[in-house]
$ cat my_file04.cif   # mmCIF, C-alpha atoms
data_final
loop_
_atom_site.label_atom_id
_atom_site.label_comp_id
_atom_site.auth_asym_id
_atom_site.auth_seq_id
_atom_site.Cartn_x
_atom_site.Cartn_y
_atom_site.Cartn_z
CA MET A 1 17.28 2.09 -77.50
CA SER A 2 18.73 2.93 -74.12
CA ALA A 3 22.45 3.57 -74.10
CA ASN A 4 22.63 2.29 -70.58
CA GLY A 5 20.20 -0.61 -70.31
CA HIS A 6 19.87 -2.72 -67.19
CA PRO A 7 21.46 -6.15 -67.51
CA LEU A 8 18.36 -7.92 -66.26
CA ASP A 9 16.12 -6.04 -68.64
CA ALA A 10 18.47 -6.98 -71.44
CA LEU A 11 18.16 -10.60 -70.37
CA GLY A 12 14.39 -10.40 -70.15
CA ASP A 13 14.08 -11.56 -73.73
CA PRO A 14 14.38 -15.32 -74.36
CA THR A 15 16.41 -14.94 -77.57
CA ARG A 16 18.83 -12.57 -75.87
CA ARG A 17 19.21 -15.00 -72.99
CA GLN A 18 19.95 -17.70 -75.53
CA VAL A 19 22.56 -15.53 -77.24
CA PHE A 20 24.10 -14.65 -73.88
CA GLU A 21 24.25 -18.31 -72.95
CA LEU A 22 25.89 -19.26 -76.25
CA LEU A 23 28.54 -16.64 -75.55
CA ARG A 24 29.24 -18.36 -72.25
CA GLU A 25 30.81 -21.10 -74.34
CA GLY A 26 33.19 -18.65 -75.98
CA PRO A 27 33.39 -15.75 -78.44
CA ARG A 28 31.15 -16.02 -81.49
CA SER A 29 30.55 -14.08 -84.68
CA VAL A 30 27.09 -12.84 -85.59
CA GLY A 31 26.93 -15.48 -88.31
CA GLU A 32 27.76 -18.29 -85.90
CA LEU A 33 25.15 -17.07 -83.45
CA ALA A 34 22.52 -16.74 -86.17
CA GLY A 35 23.10 -20.39 -87.00
CA GLN A 36 22.19 -21.38 -83.47
CA VAL A 37 19.15 -19.29 -82.65
CA PRO A 38 15.80 -19.25 -84.44
CA VAL A 39 16.00 -15.64 -85.61
CA SER A 40 17.52 -13.83 -88.58
CA ARG A 41 21.01 -12.42 -88.67
CA PRO A 42 19.84 -8.77 -88.48
CA ALA A 43 17.73 -9.74 -85.46
CA VAL A 44 20.79 -11.30 -83.81
CA SER A 45 22.72 -8.07 -84.43
CA GLN A 46 19.91 -6.13 -82.84
CA HIS A 47 19.91 -8.38 -79.77
CA LEU A 48 23.69 -8.09 -79.51
CA ARG A 49 23.40 -4.32 -79.48
CA VAL A 50 20.99 -4.47 -76.52
CA LEU A 51 23.34 -6.82 -74.66
CA GLU A 52 26.25 -4.53 -75.47
CA ASP A 53 24.38 -1.47 -74.21
CA ALA A 54 23.71 -3.32 -70.97
CA GLY A 55 27.43 -4.00 -70.61
CA LEU A 56 26.97 -7.75 -70.80
CA VAL A 57 28.85 -8.42 -74.02
CA SER A 58 31.63 -6.67 -75.84
CA TYR A 59 32.87 -6.69 -79.36
CA ARG A 60 36.34 -7.40 -80.68
CA ARG A 61 38.11 -7.80 -84.02
CA VAL A 62 40.42 -10.73 -84.48
CA GLY A 63 42.03 -10.37 -87.91
CA THR A 64 39.09 -10.23 -90.25
CA ARG A 65 36.70 -11.78 -87.77
CA HIS A 66 34.30 -9.73 -85.70
CA LEU A 67 33.61 -11.48 -82.44
CA TYR A 68 31.24 -10.92 -79.59
CA GLU A 69 32.10 -12.15 -76.11
CA LEU A 70 30.94 -11.85 -72.53
CA ASP A 71 32.06 -8.81 -70.63
CA GLY A 72 33.12 -9.22 -67.01
CA ALA A 73 32.12 -5.66 -66.24
CA GLY A 74 28.57 -6.59 -67.12
CA VAL A 75 28.48 -9.18 -64.36
CA ALA A 76 29.70 -6.56 -61.89
CA GLU A 77 26.99 -4.24 -63.10
CA LEU A 78 24.46 -7.00 -62.64
CA HIS A 79 25.68 -7.41 -59.07
CA ALA A 80 25.33 -3.70 -58.31
CA TRP A 81 21.89 -3.74 -59.85
CA VAL A 82 20.79 -6.69 -57.70
CA ASP A 83 22.06 -4.83 -54.62
CA ASP A 84 19.82 -1.87 -55.45
CA PHE A 85 16.98 -4.18 -56.31
CA TRP A 86 16.91 -5.77 -52.85
CA ASN A 87 16.81 -2.37 -51.16
CA VAL A 88 13.63 -1.59 -53.04
CA ALA A 89 12.12 -5.07 -52.77
CA LEU A 90 12.74 -5.44 -49.02
CA ALA A 91 11.24 -2.03 -48.28
CA ARG A 92 8.14 -3.17 -50.13
CA PHE A 93 8.23 -6.50 -48.30
CA LYS A 94 8.38 -4.74 -44.92
CA ALA A 95 5.37 -2.59 -45.83
CA ALA A 96 3.39 -5.60 -47.04
CA ALA A 97 4.20 -7.76 -44.01
CA GLU A 98 3.26 -5.00 -41.56
CA ARG A 99 0.07 -4.23 -43.46
CA SER A 100 -0.80 -7.89 -43.35
CA ASN A 101 -0.04 -8.00 -39.64
CA GLN A 102 -2.26 -5.02 -38.93
CA GLY A 103 -5.17 -6.48 -40.82
CA GLY A 104 -4.83 -9.74 -38.94
CA ARG A 105 -4.28 -13.10 -40.53
CA THR A 106 -6.64 -14.26 -43.18
CA MET B 107 45.25 -19.34 -65.89
CA SER B 108 42.25 -17.41 -64.76
CA LYS B 109 42.29 -15.17 -61.76
CA THR B 110 40.01 -16.02 -58.89
CA MET B 111 37.55 -13.25 -58.33
CA ILE B 112 35.78 -12.76 -55.10
CA ILE B 113 32.67 -10.70 -55.49
CA GLU B 114 31.08 -9.93 -52.20
CA ALA B 115 27.62 -11.28 -51.56
CA VAL B 116 24.75 -8.83 -51.48
CA ARG B 117 23.64 -8.68 -47.83
CA LYS B 118 20.57 -6.91 -46.51
CA THR B 119 18.80 -6.80 -43.18
CA VAL B 120 15.35 -5.47 -42.49
CA THR B 121 13.30 -5.57 -39.28
CA VAL B 122 9.62 -6.14 -39.70
CA ASP B 123 6.87 -5.59 -37.15
CA CYS B 124 5.20 -9.00 -37.34
CA THR B 125 5.83 -12.58 -36.24
CA VAL B 126 8.45 -14.81 -37.82
CA GLU B 127 5.70 -17.03 -39.21
CA GLU B 128 3.89 -14.10 -40.78
CA ALA B 129 7.10 -12.69 -42.27
CA PHE B 130 7.93 -16.05 -43.85
CA ARG B 131 4.39 -16.41 -45.15
CA VAL B 132 4.29 -12.95 -46.73
CA PHE B 133 7.76 -13.41 -48.26
CA THR B 134 6.77 -16.65 -49.98
CA ALA B 135 3.04 -17.38 -50.27
CA ASP B 136 2.14 -13.71 -50.62
CA ALA B 137 5.03 -12.54 -52.78
CA GLU B 138 2.65 -10.75 -55.16
CA SER B 139 1.93 -8.28 -52.36
CA TRP B 140 5.45 -6.89 -52.42
CA TRP B 141 7.56 -8.12 -55.34
CA PRO B 142 7.98 -5.19 -57.76
CA THR B 143 6.56 -7.07 -60.74
CA ASP B 144 6.00 -3.82 -62.67
CA SER B 145 9.70 -3.51 -63.21
CA HIS B 146 11.12 -6.90 -62.27
CA SER B 147 9.47 -9.83 -63.95
CA ILE B 148 9.89 -11.91 -67.05
CA TYR B 149 6.50 -11.12 -68.50
CA ASP B 150 4.88 -7.71 -68.64
CA GLU B 151 1.93 -8.60 -66.49
CA VAL B 152 2.26 -11.07 -63.67
CA ARG B 153 -0.81 -12.79 -62.32
CA GLU B 154 0.83 -14.90 -59.68
CA ILE B 155 4.14 -15.77 -58.03
CA VAL B 156 4.37 -19.39 -56.93
CA PHE B 157 6.71 -20.87 -54.32
CA GLU B 158 6.49 -24.66 -54.36
CA GLU B 159 6.89 -25.31 -50.67
CA HIS B 160 9.46 -28.09 -50.58
CA GLU B 161 13.11 -28.77 -51.33
CA GLY B 162 13.56 -29.12 -55.07
CA GLY B 163 10.40 -27.10 -55.65
CA GLU B 164 10.22 -24.36 -58.20
CA VAL B 165 9.66 -20.64 -57.82
CA TYR B 166 8.03 -19.09 -60.84
CA GLU B 167 5.80 -16.34 -62.08
CA VAL B 168 2.63 -16.85 -64.07
CA SER B 169 1.81 -14.19 -66.62
CA ARG B 170 -1.68 -12.86 -67.18
CA ALA B 171 -1.85 -15.03 -70.30
CA GLY B 172 -0.91 -18.07 -68.21
CA GLU B 173 2.73 -18.39 -69.32
CA LYS B 174 5.14 -19.68 -66.73
CA GLY B 175 8.49 -17.97 -66.13
CA HIS B 176 11.05 -19.84 -64.05
CA TRP B 177 12.84 -17.85 -61.31
CA ALA B 178 14.48 -20.27 -58.94
CA THR B 179 14.73 -23.74 -57.45
CA VAL B 180 14.17 -24.30 -53.73
CA VAL B 181 17.40 -25.56 -52.15
CA ALA B 182 16.24 -25.40 -48.52
CA TRP B 183 12.70 -24.98 -47.26
CA GLU B 184 12.72 -24.58 -43.47
CA PRO B 185 9.68 -22.52 -42.47
CA PRO B 186 9.53 -20.19 -40.70
CA GLY B 187 13.26 -19.68 -40.12
CA ARG B 188 15.14 -20.17 -43.34
CA LEU B 189 14.84 -20.35 -47.08
CA VAL B 190 17.52 -20.97 -49.72
CA LEU B 191 16.90 -20.62 -53.44
CA ALA B 192 19.10 -21.30 -56.45
CA TRP B 193 18.23 -18.13 -58.27
CA ASN B 194 18.46 -18.46 -62.02
CA ILE B 195 19.16 -15.09 -63.42
CA LEU B 196 19.71 -17.12 -66.53
CA GLU B 197 17.94 -20.35 -67.24
CA ARG B 198 20.78 -22.79 -67.02
CA ASP B 199 21.94 -24.10 -63.68
CA PRO B 200 25.64 -23.18 -63.82
CA THR B 201 24.69 -19.54 -63.73
CA ALA B 202 22.43 -19.80 -60.70
CA THR B 203 23.22 -17.44 -57.88
CA GLU B 204 22.12 -18.42 -54.38
CA LEU B 205 19.64 -16.49 -52.28
CA GLU B 206 19.41 -17.26 -48.58
CA VAL B 207 16.81 -15.60 -46.38
CA ARG B 208 16.69 -16.03 -42.60
CA PHE B 209 13.78 -14.97 -40.40
CA LEU B 210 14.78 -14.39 -36.78
CA ALA B 211 12.65 -13.34 -33.82
CA ASP B 212 13.79 -9.91 -32.67
CA GLY B 213 11.90 -8.35 -29.76
CA GLY B 214 8.25 -8.43 -30.82
CA GLY B 215 9.15 -8.45 -34.50
CA THR B 216 11.26 -10.30 -37.02
CA ARG B 217 14.70 -9.58 -38.34
CA VAL B 218 15.00 -10.67 -41.95
CA GLU B 219 18.54 -11.30 -43.15
CA LEU B 220 19.02 -11.75 -46.85
CA GLU B 221 22.15 -12.88 -48.65
CA HIS B 222 22.40 -13.11 -52.42
CA ARG B 223 25.68 -14.82 -53.24
CA GLY B 224 27.54 -16.90 -55.78
CA TRP B 225 28.54 -14.22 -58.26
CA GLU B 226 31.90 -15.88 -58.75
CA ALA B 227 30.54 -18.59 -61.02
CA LEU B 228 28.94 -16.04 -63.28
CA ALA B 229 31.99 -13.80 -63.24
CA ALA B 230 34.56 -16.56 -63.72
CA ASP B 231 32.76 -17.57 -66.84
CA ALA B 232 32.98 -14.14 -68.31
CA ALA B 233 36.54 -13.58 -67.19
CA GLU B 234 37.87 -16.83 -68.58
CA ARG B 235 36.85 -15.78 -72.04
CA ARG B 236 38.84 -12.63 -71.98
CA ASP B 237 42.37 -12.13 -73.17
CA SER B 238 43.17 -9.39 -70.75
CA TYR B 239 42.05 -8.43 -67.34
CA ASP B 240 39.16 -6.05 -67.67
CA THR B 241 39.45 -2.61 -66.13
CA GLY B 242 35.83 -2.85 -65.08
CA TRP B 243 36.83 -5.47 -62.56
CA ASP B 244 39.60 -3.33 -61.12
CA HIS B 245 37.11 -0.59 -60.54
CA VAL B 246 34.47 -2.78 -58.96
CA LEU B 247 36.79 -4.89 -56.84
CA GLY B 248 38.48 -1.72 -55.64
CA LYS B 249 35.11 -0.41 -54.58
CA TYR B 250 34.31 -3.56 -52.62
CA ALA B 251 37.71 -3.55 -50.95
CA THR B 252 37.08 0.02 -49.79
CA ARG B 253 33.65 -0.81 -48.51
CA GLY B 254 34.91 -3.91 -46.74
CA ALA B 255 37.61 -1.93 -44.99
CA SER B 256 35.24 0.74 -43.74
CA ALA B 257 32.59 -1.72 -42.56
#
$ encode --input "my_file04.cif" --output "structure tokens"
Amino acid sequence: MSANGHPLDALGDPTRRQVFELLREGPRSVGELAGQVPVSRPAVSQHLRVLEDAGLVSYRRVGTRHLYELDGAGVAELHAWVDDFWNVALARFKAAAERSNQGGRT
Amino acid sequence: MSKTMIIEAVRKTVTVDCTVEEAFRVFTADAESWWPTDSHSIYDEVREIVFEEHEGGEVYEVSRAGEKGHWATVVAWEPPGRLVLAWNILERDPTATELEVRFLADGGGTRVELEHRGWEALAADAAERRDSYDTGWDHVLGKYATRGASA
């Protein structure tokens, strides 16, 4: 597993998106999350690790409880990633539009 | 009380050697020709990218197996000059960021101005849940402040 996953890749999986969205409502333990998504507890832990690697969620101990919560730094990372993404996408768009122009309209 | 965070919109400009109409058409109806679906799509193999050409329409990808993956909702459809999408990085509406693209005649070509904004909603959500102000924000906001000052 990548130690530095991209936030959008991490959110590419429907279950992980669901977990991420549940965490939008507040911190949750693995057990609480497992009760709300259609996968096993070990699978939830696995998904949480991917989200954590992508910087989207972080982990905290409150007394004896182990809680996962959204990480603001992850949103910033997402923003930086989107910035890079548009550089690449618009360069490709320019090439495609000019190619299309050269070939004439279909 | 939560702090208000201003995260600068992502802004890009590119000049394309074709008409405004053609630029708008390629951006929307011919998105498969340029969108980097290899690395940026919901499903591994994308067969088609669909822009429903009206306000309230949907933008989605269709996988090779025929599965549909929602990307965005059309907020403004004003061909060939302007397009606004509520871009769902996540599936639920409150997390939608907004993408506005303008196509402007520039000499013989087209200047395309893109703005991807609305990060605050996403960030506020994350920040509200935290007990303490995250150092990640200090770093990032500091970076934007620097960039803003030098621009």
$ residues_around --input "my_file04.cif" --residues "B:Leu210" --least-positions-apart "5" --cutoff "12 Å" --atoms "all atoms listed in the file" --output "ChimeraX atom specification"
/B:119-130,185-189,215-220
$ residues_around --input "my_file04.cif" --residues "B:Asp150" --least-positions-apart "2" --cutoff "12 Å" --atoms "all atoms listed in the file" --output "ChimeraX atom specification"
/A:9,12-13 /B:142-148,152-153,167-173,175
$ resolve_selection --input "my_file04.cif" --expression "the PyMOL selection byres ((chain A) within 10 of (chain B))" --output "PyMOL selection string"
chain A and resi 8-9+11-14+17-18+20-21+23-27+56-57+69-80+82-102+104-105
$ residues_around --input "my_file04.cif" --residues "A:Gln46" --least-positions-apart "5" --cutoff "12 Å" --atoms "all atoms listed in the file" --output "short mmCIF file (atom, residue, chain, number, x, y, z; two decimals) with C-alpha atoms, in the frame of the given file"
data_model
loop_
_atom_site.label_atom_id
_atom_site.label_comp_id
_atom_site.auth_asym_id
_atom_site.auth_seq_id
_atom_site.Cartn_x
_atom_site.Cartn_y
_atom_site.Cartn_z
CA MET A 1 17.28 2.09 -77.50
CA ALA A 10 18.47 -6.98 -71.44
CA THR A 15 16.41 -14.94 -77.57
CA ARG A 16 18.83 -12.57 -75.87
CA VAL A 19 22.56 -15.53 -77.24
CA VAL A 30 27.09 -12.84 -85.59
CA ALA A 34 22.52 -16.74 -86.17
CA VAL A 39 16.00 -15.64 -85.61
CA SER A 40 17.52 -13.83 -88.58
CA ARG A 41 21.01 -12.42 -88.67
CA LEU A 51 23.34 -6.82 -74.66
CA GLU A 52 26.25 -4.53 -75.47
CA ASP A 53 24.38 -1.47 -74.21
#
$ atom_distance --input "my_file04.cif" --atom1 "atom CA of A:Arg65" --atom2 "atom CA of A:Leu33"
13.4 Å
$ build_atoms --input "my_file04.cif" --residues "stretch 155-170 of chain B" --atoms "N, CA and C atoms" --output "PDB file, in the coordinates of the input"
ATOM      1  N   ILE B 155       2.786 -15.288 -58.294  1.00  0.00           N
ATOM      2  CA  ILE B 155       4.140 -15.770 -58.030  1.00  0.00           C
ATOM      3  C   ILE B 155       3.990 -17.022 -57.174  1.00  0.00           C
ATOM      4  N   VAL B 156       4.562 -18.107 -57.626  1.00  0.00           N
ATOM      5  CA  VAL B 156       4.370 -19.390 -56.930  1.00  0.00           C
ATOM      6  C   VAL B 156       5.675 -19.870 -56.302  1.00  0.00           C
ATOM      7  N   PHE B 157       5.616 -20.187 -55.023  1.00  0.00           N
ATOM      8  CA  PHE B 157       6.710 -20.870 -54.320  1.00  0.00           C
ATOM      9  C   PHE B 157       6.239 -22.287 -54.051  1.00  0.00           C
ATOM     10  N   GLU B 158       6.818 -23.268 -54.695  1.00  0.00           N
ATOM     11  CA  GLU B 158       6.490 -24.660 -54.360  1.00  0.00           C
ATOM     12  C   GLU B 158       7.190 -24.981 -53.054  1.00  0.00           C
ATOM     13  N   GLU B 159       6.387 -25.327 -52.043  1.00  0.00           N
ATOM     14  CA  GLU B 159       6.890 -25.310 -50.670  1.00  0.00           C
ATOM     15  C   GLU B 159       7.605 -26.594 -50.253  1.00  0.00           C
ATOM     16  N   HIS B 160       8.644 -26.935 -50.958  1.00  0.00           N
ATOM     17  CA  HIS B 160       9.460 -28.090 -50.580  1.00  0.00           C
ATOM     18  C   HIS B 160      10.809 -28.012 -51.285  1.00  0.00           C
ATOM     19  N   GLU B 161      11.782 -28.724 -50.722  1.00  0.00           N
ATOM     20  CA  GLU B 161      13.110 -28.770 -51.330  1.00  0.00           C
ATOM     21  C   GLU B 161      12.989 -29.308 -52.746  1.00  0.00           C
ATOM     22  N   GLY B 162      13.653 -28.694 -53.677  1.00  0.00           N
ATOM     23  CA  GLY B 162      13.560 -29.120 -55.070  1.00  0.00           C
ATOM     24  C   GLY B 162      12.386 -28.482 -55.800  1.00  0.00           C
ATOM     25  N   GLY B 163      11.555 -27.766 -55.046  1.00  0.00           N
ATOM     26  CA  GLY B 163      10.400 -27.100 -55.650  1.00  0.00           C
ATOM     27  C   GLY B 163      10.841 -25.939 -56.526  1.00  0.00           C
ATOM     28  N   GLU B 164       9.895 -25.422 -57.266  1.00  0.00           N
ATOM     29  CA  GLU B 164      10.220 -24.360 -58.200  1.00  0.00           C
ATOM     30  C   GLU B 164       9.579 -23.047 -57.737  1.00  0.00           C
ATOM     31  N   VAL B 165      10.251 -21.959 -58.037  1.00  0.00           N
ATOM     32  CA  VAL B 165       9.660 -20.640 -57.820  1.00  0.00           C
ATOM     33  C   VAL B 165       9.483 -20.044 -59.211  1.00  0.00           C
ATOM     34  N   TYR B 166       8.262 -19.616 -59.495  1.00  0.00           N
ATOM     35  CA  TYR B 166       8.030 -19.090 -60.840  1.00  0.00           C
ATOM     36  C   TYR B 166       6.909 -18.063 -60.834  1.00  0.00           C
ATOM     37  N   GLU B 167       6.892 -17.285 -61.902  1.00  0.00           N
ATOM     38  CA  GLU B 167       5.800 -16.340 -62.080  1.00  0.00           C
ATOM     39  C   GLU B 167       4.856 -16.895 -63.141  1.00  0.00           C
ATOM     40  N   VAL B 168       3.603 -16.480 -63.047  1.00  0.00           N
ATOM     41  CA  VAL B 168       2.630 -16.850 -64.070  1.00  0.00           C
ATOM     42  C   VAL B 168       2.114 -15.548 -64.662  1.00  0.00           C
ATOM     43  N   SER B 169       2.238 -15.420 -65.963  1.00  0.00           N
ATOM     44  CA  SER B 169       1.810 -14.190 -66.620  1.00  0.00           C
ATOM     45  C   SER B 169       0.291 -14.160 -66.708  1.00  0.00           C
ATOM     46  N   ARG B 170      -0.230 -13.016 -67.044  1.00  0.00           N
ATOM     47  CA  ARG B 170      -1.680 -12.860 -67.180  1.00  0.00           C
ATOM     48  C   ARG B 170      -2.224 -13.836 -68.222  1.00  0.00           C
TER      49      ARG B 170
END
